[in-house]
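A quick write-up on the structure given underneath.
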Amino acid sequence: MCVDVTNNRGNGIKIYQWECQSGNNNQKFVIDNGQIKIKDTL
């Protein structure tokens, strides 16, 4: 299982536990300046 978000990219969106899927950008996160961010928004 992976952490996943919807296609919404706004601040404060809810995260979900979802089946891991190769290449799913909604499951790729990074830590940037102490904040967890969706990788494709950087």
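Here, A, B, ... name the chains of the structure tokens in the order displayed, residue numbers run from 1 inside each chain, and ligands are numbered from 1 in the same displayed order.
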### Task
Could you find all residues in chain A that DSSP calls strand (DSSP E or B) from the backbone, and write them as a PyMOL selection string?
chain A and resi 2-5+15-18+29-32+35-38
### Message
Can you pull out the residues contacting stretch 13-18 of chain A? Cut-off 9 Å, using only C-alpha atoms, and skip same-chain residues under 6 positions away; I want them as a ChimeraX atom specification.
### Response
/A:1-6,27
### Message
Going by DSSP on the backbone, which residues of chain A come out as helix (DSSP H, G or I)? List them as an NGL selection string.
### Response
:A and (25-27 or 39-41)
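Taking atom CA of A:Asp32 and atom CA of A:Gly12 as endpoints, the distance between them is 15.7 Å.
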### Message
Report as number ranges by chain all protein, DNA and RNA residues lying within 9 Å of A:Asp40, evaluated on only C-alpha atoms, omitting residues in the same chain fewer than 4 positions from it.
### Response
A: 25-26, 28-29
Write the residues you've just listed into a file as a PDB file, in the first residue's frame, and include C-alpha atoms for each of them.
```pdb
ATOM      1  CA  ASN A  25       2.551  10.502  -9.975  1.00  0.00           C
ATOM      2  CA  ASN A  26      -0.055  10.781  -7.204  1.00  0.00           C
ATOM      3  CA  LYS A  28       5.492  10.293  -5.533  1.00  0.00           C
ATOM      4  CA  PHE A  29       6.431  12.647  -2.723  1.00  0.00           C
TER       5      PHE A  29
END
```
### Task
Give me, please, the distance in Å between atom CA of A:Gln35 and atom CA of A:Gly23, quoted to one decimal.
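Spanning atom CA of A:Gln35 to atom CA of A:Gly23 is a straight-line distance of 22.3 Å.
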